[in-house]
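Chemist: My questions will all concern the structure given below.
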Amino acid sequence: MFAVFRKEINSFLNSLIAYLVMGLFLVITGLLIWVLPDTSVLDYGFADLSSLFGLAPYVFLFLIPAVTMRSFAEERRSGTMELLLTRPLTDWDIILGKYFACLLLIVLTLLPTLVYYFSVHQLGNPPGNVDSAGVAGSYVGLLLLAAVFTAVGIFASSLTDNQIVSFILAAFLCFALFAGFGLLATLFSGGSLGYFVSRLGLEHHYQSLSRGLIDSRNVIYLLSITAVALLATRLVLGSRQW
């Protein structure tokens, strides 16, 4: 697994993908927090990062599929998948190596946003008047959401040898899992069925974590979706003749 992990990390660092993802994410979130009038903390008048954590999942819907789209699709297109499968590696070694490499890139992209927290922390009146528990919970939720989206992106990449198709499929699946159930629940508004359907979506569990209370049920749910997506990838690799 570590050999595949190192290979993927080196591949990211030797291409523009990693730098484009990091740059785009930081530029977009920076504009949302500090510049755009509808979401700027300076115009809002409250020391919080709700604009960041409210919009970051939707940015992830496009950036994470852009990272994962080449994982298996590029291997198949270039014909290197056969070479990789001849190595003394199990399917799980290949899947987890690629998965953790992509996830590490997303984590590294999130780290600079801690500067936003310390900035807002100092802008509070008095300084430090910020919901730190909510920020911590939101970061945990973002990391778990990134884990789910990365697993879904890896799965989408295993289904095709076309990176564009992989990107579109991953973005669609991530959106359906995140917001699709909430939209579907509006058809049953006012009843227990609508509430149950909304709880199936990732958005419900992410918002629960954003309140600062790390409920094990939300964590287990997000980790379970991640595990299911990775298992689906394993089934695709095991059933397909390369």
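Order determines the names: the first chain of the structure tokens is A, the second B, and so forth; residues in each chain are numbered 1 upward, and ligands are numbered 1 upward as they are shown.
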For A:Leu52, please output as a ChimeraX atom specification all residues within 12 Å (counting only C-alpha atoms; exclusion window: fewer than 4 positions along the same chain).

Modeler: /A:25-34,39-41,48,56-60,110,113-114,116-117,120,135,138-139,142,210

Chemist: Please, could you write that set of residues out with N, CA and C atoms as an mmCIF file, in the first residue's frame?

Modeler:
data_model
loop_
_atom_site.group_PDB
_atom_site.id
_atom_site.type_symbol
_atom_site.label_atom_id
_atom_site.label_comp_id
_atom_site.auth_asym_id
_atom_site.auth_seq_id
_atom_site.Cartn_x
_atom_site.Cartn_y
_atom_site.Cartn_z
ATOM 1 N N PHE A 25 -9.088 26.212 -4.206
ATOM 2 C CA PHE A 25 -9.852 26.130 -2.960
ATOM 3 C C PHE A 25 -9.579 27.339 -2.073
ATOM 4 N N LEU A 26 -8.311 27.718 -1.930
ATOM 5 C CA LEU A 26 -7.962 28.840 -1.059
ATOM 6 C C LEU A 26 -8.442 30.167 -1.644
ATOM 7 N N VAL A 27 -8.361 30.307 -2.963
ATOM 8 C CA VAL A 27 -8.843 31.542 -3.586
ATOM 9 C C VAL A 27 -10.353 31.671 -3.421
ATOM 10 N N ILE A 28 -11.079 30.590 -3.696
ATOM 11 C CA ILE A 28 -12.543 30.632 -3.604
ATOM 12 C C ILE A 28 -12.988 30.898 -2.176
ATOM 13 N N THR A 29 -12.426 30.154 -1.211
ATOM 14 C CA THR A 29 -12.828 30.349 0.181
ATOM 15 C C THR A 29 -12.382 31.711 0.700
ATOM 16 N N GLY A 30 -11.215 32.178 0.261
ATOM 17 C CA GLY A 30 -10.755 33.502 0.677
ATOM 18 C C GLY A 30 -11.682 34.604 0.187
ATOM 19 N N LEU A 31 -12.135 34.495 -1.072
ATOM 20 C CA LEU A 31 -13.080 35.471 -1.609
ATOM 21 C C LEU A 31 -14.407 35.431 -0.846
ATOM 22 N N LEU A 32 -14.861 34.225 -0.525
ATOM 23 C CA LEU A 32 -16.128 34.091 0.178
ATOM 24 C C LEU A 32 -16.067 34.697 1.579
ATOM 25 N N ILE A 33 -14.949 34.528 2.255
ATOM 26 C CA ILE A 33 -14.859 34.966 3.650
ATOM 27 C C ILE A 33 -14.526 36.447 3.784
ATOM 28 N N TRP A 34 -13.668 36.950 2.890
ATOM 29 C CA TRP A 34 -13.137 38.298 3.107
ATOM 30 C C TRP A 34 -13.572 39.327 2.075
ATOM 31 N N THR A 39 -21.150 37.313 1.747
ATOM 32 C CA THR A 39 -20.618 36.291 2.655
ATOM 33 C C THR A 39 -19.430 36.772 3.473
ATOM 34 N N SER A 40 -18.967 37.988 3.256
ATOM 35 C CA SER A 40 -17.770 38.487 3.934
ATOM 36 C C SER A 40 -17.985 38.613 5.443
ATOM 37 N N VAL A 41 -17.014 38.144 6.205
ATOM 38 C CA VAL A 41 -17.053 38.279 7.658
ATOM 39 C C VAL A 41 -17.009 39.745 8.056
ATOM 40 N N ASP A 48 -17.399 34.705 12.988
ATOM 41 C CA ASP A 48 -17.600 33.270 12.808
ATOM 42 C C ASP A 48 -17.199 32.874 11.392
ATOM 43 N N ALA A 56 -18.010 25.372 1.736
ATOM 44 C CA ALA A 56 -16.895 24.469 1.436
ATOM 45 C C ALA A 56 -17.348 23.121 0.897
ATOM 46 N N PRO A 57 -18.430 22.503 1.430
ATOM 47 C CA PRO A 57 -18.864 21.220 0.856
ATOM 48 C C PRO A 57 -19.210 21.315 -0.627
ATOM 49 N N TYR A 58 -19.782 22.442 -1.048
ATOM 50 C CA TYR A 58 -20.143 22.597 -2.453
ATOM 51 C C TYR A 58 -18.908 22.828 -3.320
ATOM 52 N N VAL A 59 -17.882 23.440 -2.745
ATOM 53 C CA VAL A 59 -16.607 23.552 -3.462
ATOM 54 C C VAL A 59 -15.969 22.173 -3.587
ATOM 55 N N PHE A 60 -16.074 21.381 -2.528
ATOM 56 C CA PHE A 60 -15.544 20.009 -2.545
ATOM 57 C C PHE A 60 -16.210 19.158 -3.625
ATOM 58 N N LEU A 110 -6.847 21.877 3.249
ATOM 59 C CA LEU A 110 -7.623 22.465 4.337
ATOM 60 C C LEU A 110 -6.746 23.163 5.384
ATOM 61 N N THR A 113 -6.487 26.963 5.825
ATOM 62 C CA THR A 113 -7.685 27.683 6.247
ATOM 63 C C THR A 113 -7.694 27.924 7.750
ATOM 64 N N LEU A 114 -6.802 27.284 8.493
ATOM 65 C CA LEU A 114 -6.693 27.572 9.923
ATOM 66 C C LEU A 114 -6.299 29.024 10.154
ATOM 67 N N TYR A 116 -7.623 31.455 8.661
ATOM 68 C CA TYR A 116 -8.894 32.174 8.722
ATOM 69 C C TYR A 116 -9.443 32.148 10.151
ATOM 70 N N TYR A 117 -9.324 30.987 10.797
ATOM 71 C CA TYR A 117 -9.826 30.874 12.176
ATOM 72 C C TYR A 117 -9.075 31.808 13.115
ATOM 73 N N VAL A 120 -10.153 35.436 12.457
ATOM 74 C CA VAL A 120 -11.464 35.737 13.024
ATOM 75 C C VAL A 120 -11.393 35.752 14.542
ATOM 76 N N VAL A 135 -16.397 25.562 15.358
ATOM 77 C CA VAL A 135 -15.356 25.509 14.326
ATOM 78 C C VAL A 135 -14.684 24.146 14.316
ATOM 79 N N SER A 138 -16.987 21.641 12.824
ATOM 80 C CA SER A 138 -17.094 21.838 11.381
ATOM 81 C C SER A 138 -15.884 21.277 10.653
ATOM 82 N N TYR A 139 -14.703 21.445 11.246
ATOM 83 C CA TYR A 139 -13.503 20.878 10.626
ATOM 84 C C TYR A 139 -13.562 19.347 10.625
ATOM 85 N N LEU A 142 -15.934 18.463 7.899
ATOM 86 C CA LEU A 142 -15.333 18.636 6.578
ATOM 87 C C LEU A 142 -14.368 17.507 6.243
ATOM 88 N N SER A 210 -21.362 20.339 12.650
ATOM 89 C CA SER A 210 -20.995 21.749 12.614
ATOM 90 C C SER A 210 -21.488 22.511 13.837
#

Chemist: Residues of stretch 162-238 of chain A that have any atom at most 7 Å from an atom of stretch 66-70 of chain A: could you tabulate them with the shortest-distance atom pair and the distance in Å to one decimal, using only C-alpha atoms, ordered by chain and increasing number, as JSON lines?

Modeler:
{"residue": "A:Gln163", "atom": "CA", "partner": "A:Met69", "partner_atom": "CA", "distance": 5.3}
{"residue": "A:Ser166", "atom": "CA", "partner": "A:Met69", "partner_atom": "CA", "distance": 5.2}
{"residue": "A:Phe167", "atom": "CA", "partner": "A:Met69", "partner_atom": "CA", "distance": 5.2}

Chemist: Please provide the set of residues having any atom within 8 Å of A:Lys98, restricted to only C-alpha atoms, with same-chain residues fewer than 3 positions apart removed, written as a ChimeraX atom specification.

Modeler: /A:4-5,8,71,94-95,101-102,154

Chemist: Nearest to A:Ser78 among A:Asp161, A:Phe172, A:Ala229, A:Ala3, with distances taken over only C-alpha atoms: which residue is it?

Modeler: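 Closest to A:Ser78, using only C-alpha atoms: A:Asp161.
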
Chemist: What lies within 9 Å of A:Leu144 using only C-alpha atoms, ignoring chain neighbours under 2 positions off, as a PDB file with N, CA and C atoms, in the first residue's frame?

Modeler:
ATOM      1  N   TYR A 139     -14.703  21.445  11.246  1.00  0.00           N
ATOM      2  CA  TYR A 139     -13.503  20.878  10.626  1.00  0.00           C
ATOM      3  C   TYR A 139     -13.562  19.347  10.625  1.00  0.00           C
ATOM      4  N   VAL A 140     -14.031  18.770  11.722  1.00  0.00           N
ATOM      5  CA  VAL A 140     -14.197  17.314  11.767  1.00  0.00           C
ATOM      6  C   VAL A 140     -15.192  16.871  10.702  1.00  0.00           C
ATOM      7  N   GLY A 141     -16.296  17.612  10.587  1.00  0.00           N
ATOM      8  CA  GLY A 141     -17.287  17.289   9.566  1.00  0.00           C
ATOM      9  C   GLY A 141     -16.732  17.411   8.163  1.00  0.00           C
ATOM     10  N   LEU A 142     -15.934  18.463   7.899  1.00  0.00           N
ATOM     11  CA  LEU A 142     -15.333  18.636   6.578  1.00  0.00           C
ATOM     12  C   LEU A 142     -14.368  17.507   6.243  1.00  0.00           C
ATOM     13  N   ALA A 146     -14.857  14.996   3.298  1.00  0.00           N
ATOM     14  CA  ALA A 146     -13.809  14.803   2.290  1.00  0.00           C
ATOM     15  C   ALA A 146     -13.471  13.324   2.138  1.00  0.00           C
ATOM     16  N   ALA A 147     -13.483  12.583   3.256  1.00  0.00           N
ATOM     17  CA  ALA A 147     -13.205  11.146   3.197  1.00  0.00           C
ATOM     18  C   ALA A 147     -14.262  10.429   2.363  1.00  0.00           C
ATOM     19  N   VAL A 148     -15.536  10.821   2.546  1.00  0.00           N
ATOM     20  CA  VAL A 148     -16.623  10.206   1.774  1.00  0.00           C
ATOM     21  C   VAL A 148     -16.494  10.558   0.293  1.00  0.00           C
ATOM     22  N   PHE A 149     -16.322  11.841  -0.008  1.00  0.00           N
ATOM     23  CA  PHE A 149     -16.236  12.278  -1.401  1.00  0.00           C
ATOM     24  C   PHE A 149     -15.036  11.647  -2.112  1.00  0.00           C
ATOM     25  N   TYR A 206     -23.473  16.289   8.441  1.00  0.00           N
ATOM     26  CA  TYR A 206     -22.451  17.335   8.440  1.00  0.00           C
ATOM     27  C   TYR A 206     -22.907  18.539   9.249  1.00  0.00           C
ATOM     28  N   VAL A 219     -20.540  10.367  13.046  1.00  0.00           N
ATOM     29  CA  VAL A 219     -19.215   9.912  12.631  1.00  0.00           C
ATOM     30  C   VAL A 219     -19.295   8.518  12.020  1.00  0.00           C
ATOM     31  N   LEU A 222     -20.897   8.573   8.461  1.00  0.00           N
ATOM     32  CA  LEU A 222     -20.009   9.058   7.407  1.00  0.00           C
ATOM     33  C   LEU A 222     -18.901   8.049   7.113  1.00  0.00           C
ATOM     34  N   LEU A 223     -18.356   7.429   8.144  1.00  0.00           N
ATOM     35  CA  LEU A 223     -17.328   6.412   7.935  1.00  0.00           C
ATOM     36  C   LEU A 223     -17.911   5.180   7.237  1.00  0.00           C
ATOM     37  N   THR A 226     -18.134   5.853   3.572  1.00  0.00           N
ATOM     38  CA  THR A 226     -16.779   5.753   3.026  1.00  0.00           C
ATOM     39  C   THR A 226     -16.397   4.299   2.788  1.00  0.00           C
TER      40      THR A 226
END

Chemist: List the spatial neighbours of stretch 179-193 of chain A as a list of chain:residue names - criterion: any atom at most 12 Å away, only C-alpha atoms, same-chain residues fewer than 5 positions off excluded.

Modeler: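 With the cut-off at 12 Å, the set is A:Pro57, A:Tyr58, A:Leu61, A:Ala171, A:Phe172, A:Leu173, A:Cys174, A:Ser198, A:Arg199, A:Leu200, A:Gly201, A:Leu202, A:Glu203, A:His204, A:His205, A:Tyr206, A:Gln207.
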
Chemist: Restricting the output to C-alpha atoms, write the selected residues as an mmCIF file, in the first residue's frame.

Modeler:
data_model
loop_
_atom_site.group_PDB
_atom_site.id
_atom_site.type_symbol
_atom_site.label_atom_id
_atom_site.label_comp_id
_atom_site.auth_asym_id
_atom_site.auth_seq_id
_atom_site.Cartn_x
_atom_site.Cartn_y
_atom_site.Cartn_z
ATOM 1 C CA PRO A 57 -18.864 21.220 0.856
ATOM 2 C CA TYR A 58 -20.143 22.597 -2.453
ATOM 3 C CA LEU A 61 -18.205 18.662 -4.933
ATOM 4 C CA ALA A 171 -19.560 15.016 -8.914
ATOM 5 C CA PHE A 172 -23.076 13.703 -9.534
ATOM 6 C CA LEU A 173 -22.797 10.924 -6.942
ATOM 7 C CA CYS A 174 -21.311 13.276 -4.342
ATOM 8 C CA SER A 198 -33.350 13.865 5.119
ATOM 9 C CA ARG A 199 -31.362 11.948 7.734
ATOM 10 C CA LEU A 200 -30.092 9.634 4.998
ATOM 11 C CA GLY A 201 -28.206 12.495 3.363
ATOM 12 C CA LEU A 202 -24.675 13.548 4.219
ATOM 13 C CA GLU A 203 -25.767 17.161 4.662
ATOM 14 C CA HIS A 204 -27.840 16.351 7.754
ATOM 15 C CA HIS A 205 -24.929 14.651 9.510
ATOM 16 C CA TYR A 206 -22.451 17.335 8.440
ATOM 17 C CA GLN A 207 -24.658 20.096 9.818
#

Chemist: Report, in Å to a single decimal, how far apart atom CA of A:Leu83 and atom CA of A:Ser158 are.

Modeler: 16.0 Å

Chemist: My list of candidates is A:Leu145, A:Leu159, A:Leu177, A:Ile220. Which is closest to A:Glu74 when distances are computed with only C-alpha atoms?

Modeler: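 The closest residue to A:Glu74 is A:Leu159.
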
Chemist: Can you tell me, as a PyMOL selection string, which residues in chain A count as alpha helix (DSSP H) by DSSP?

Modeler: chain A and resi 2-13+17-30+41-44+50-68+73-78+81-85+91-110+114-123+132-158+163-175+181-185+192-199+202-210+216-239

Chemist: Closest to A:Gly137 among A:Ser15, A:Asn218, A:Ser157, A:Ser224, using only C-alpha atoms?

Modeler: A:Asn218
